[in-house]
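Peer 1: One structure is given below, represented as structure tokens, and several questions about it will come after.
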Amino acid sequence: MISVLVLLFTLKQVQQEKERLTLDLQRRASLLGESLKETIEPLLEKGPPARLQKIVEKFGNRERLAGVAVYDVKDQLVAATPPLSAHLSVTPKFVTDVMNSDLEVGEFSSLGGKEMYLYALPLHVKR
């Protein structure tokens, strides 16, 4: 009986820790996304594509980040970090859904055979 209680308690702790880590991941992704958004939006208006690619690579060169990708309103890949771009020959449905809803969203998904946390933030070009 005690073993069952210990098992249930341990499972509850694991679930709570997973939820805490997921919330922390969401918060960090949002902060990084907002920071990147402030840098990229002006470049989408008039910046050269090479400059945008350089910024994406700089941001994507972080320790625990698989990469960064930027799409246009037609769901076409505009810039991406090299390791990630190999897996983006087809625009993930997740990206299209976020662009259509105009809301930032994060979710766990499989990309390139790995389970990853994908976070998408719509960008807006001022005209």
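Each chain of the structure tokens is named A, B, ... in the order shown, its residues numbered from 1; ligands are numbered from 1 in display order.
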Using backbone DSSP assignments, extract all alpha helix (DSSP H) residues from stretch 4-118 of chain A; output them as a ChimeraX atom specification.

Peer 2: /A:4-46,49-60,82-85,93-101

Peer 1: With only C-alpha atoms as the counted atoms, please give the residues lying no more than 8 Å from stretch 29-41 of chain A, apart from itself and same-chain residues fewer than 4 positions off, as an mmCIF file with C-alpha atoms, in the first residue's frame.

Peer 2:
data_model
loop_
_atom_site.group_PDB
_atom_site.id
_atom_site.type_symbol
_atom_site.label_atom_id
_atom_site.label_comp_id
_atom_site.auth_asym_id
_atom_site.auth_seq_id
_atom_site.Cartn_x
_atom_site.Cartn_y
_atom_site.Cartn_z
ATOM 1 C CA LEU A 25 9.780 27.127 -22.134
ATOM 2 C CA GLU A 45 9.781 46.371 -45.174
ATOM 3 C CA LEU A 52 17.529 39.312 -42.772
ATOM 4 C CA ILE A 55 19.968 38.309 -38.295
ATOM 5 C CA PHE A 59 19.480 34.631 -33.281
ATOM 6 C CA TYR A 119 6.790 28.681 -31.364
ATOM 7 C CA ALA A 120 5.336 31.001 -33.982
ATOM 8 C CA LEU A 121 4.760 34.722 -33.739
ATOM 9 C CA LEU A 123 5.035 39.632 -37.838
ATOM 10 C CA HIS A 124 3.431 42.791 -39.169
ATOM 11 C CA VAL A 125 4.849 45.054 -41.812
#

Peer 1: If we count only C-alpha atoms and set the cut-off at 12 Å, which residues sit around A:Leu65, ignoring sequence neighbours fewer than 2 positions away in its own chain? Please answer as a ChimeraX atom specification.

Peer 2: /A:25,28-29,32-33,56-63,67-69,81,83-84,116-119

Peer 1: List every residue of stretch 2-124 of chain A that DSSP, applied to the backbone of this structure, places in strand (DSSP E), and write the result as a list in words.

Peer 2: Ala69, Val70, Tyr71, Leu77, Val78, Ala79, Ala80, Val105, Gly106, Glu107, Phe108, Ser109, Ser110, Leu111, Lys114, Glu115, Met116, Tyr117, Leu118, Tyr119 and Ala120 of chain A

Peer 1: Go ahead and save the residues from that selection, with N, CA and C atoms, as a compact mmCIF listing (two decimals), in the first residue's frame.

Peer 2:
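The resulting out.txt:
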# COMPACT_ATOMS: atom_id res chain seq x y z
N ALA A 69 13.06 30.48 -38.27
CA ALA A 69 12.59 30.58 -39.66
C ALA A 69 11.63 31.75 -39.77
N VAL A 70 11.67 32.43 -40.91
CA VAL A 70 10.78 33.56 -41.19
C VAL A 70 10.03 33.24 -42.48
N TYR A 71 8.71 33.38 -42.42
CA TYR A 71 7.85 33.13 -43.59
C TYR A 71 7.17 34.43 -44.00
N LEU A 77 9.03 30.38 -47.26
CA LEU A 77 10.18 30.58 -46.39
C LEU A 77 11.03 31.72 -46.93
N VAL A 78 11.28 32.73 -46.09
CA VAL A 78 12.07 33.89 -46.49
C VAL A 78 13.51 33.75 -46.00
N ALA A 79 13.67 33.29 -44.76
CA ALA A 79 15.00 33.11 -44.18
C ALA A 79 14.90 32.05 -43.09
N ALA A 80 15.97 31.28 -42.92
CA ALA A 80 16.01 30.26 -41.88
C ALA A 80 17.44 29.90 -41.56
N VAL A 105 1.56 31.26 -30.97
CA VAL A 105 1.22 29.93 -30.47
C VAL A 105 2.50 29.11 -30.35
N GLY A 106 2.53 28.27 -29.35
CA GLY A 106 3.62 27.32 -29.18
C GLY A 106 3.04 25.94 -28.97
N GLU A 107 3.73 24.93 -29.49
CA GLU A 107 3.26 23.56 -29.31
C GLU A 107 4.41 22.59 -29.53
N PHE A 108 4.29 21.42 -28.93
CA PHE A 108 5.26 20.37 -29.17
C PHE A 108 4.86 19.65 -30.45
N SER A 109 5.85 19.39 -31.29
CA SER A 109 5.59 18.74 -32.57
C SER A 109 6.85 18.02 -33.02
N SER A 110 6.68 17.12 -33.97
CA SER A 110 7.82 16.41 -34.53
C SER A 110 8.33 17.16 -35.75
N LEU A 111 9.62 17.40 -35.79
CA LEU A 111 10.24 18.08 -36.92
C LEU A 111 11.58 17.42 -37.16
N LYS A 114 12.49 14.61 -34.70
CA LYS A 114 12.73 14.94 -33.29
C LYS A 114 11.52 15.67 -32.73
N GLU A 115 11.21 15.40 -31.49
CA GLU A 115 10.15 16.12 -30.79
C GLU A 115 10.71 17.47 -30.37
N MET A 116 10.06 18.55 -30.82
CA MET A 116 10.54 19.91 -30.53
C MET A 116 9.38 20.79 -30.10
N TYR A 117 9.73 21.87 -29.43
CA TYR A 117 8.74 22.89 -29.11
C TYR A 117 8.82 23.93 -30.21
N LEU A 118 7.75 24.08 -30.96
CA LEU A 118 7.70 25.07 -32.03
C LEU A 118 6.92 26.28 -31.52
N TYR A 119 7.44 27.44 -31.79
CA TYR A 119 6.79 28.68 -31.36
C TYR A 119 6.71 29.59 -32.57
N ALA A 120 5.53 30.11 -32.83
CA ALA A 120 5.34 31.00 -33.98
C ALA A 120 4.70 32.30 -33.52

Peer 1: Using atom CA of A:Asp75 and atom CA of A:Pro122 as the two end points, give the distance in Å to one decimal.

Peer 2: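 So the answer is 11.5 Å.
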
Peer 1: Which is closer to A:Ala86 than all the others in A:Val73, A:Glu104, A:Ala66, A:Phe9, using only C-alpha atoms?

Peer 2: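 The closest residue to A:Ala86 is A:Ala66.
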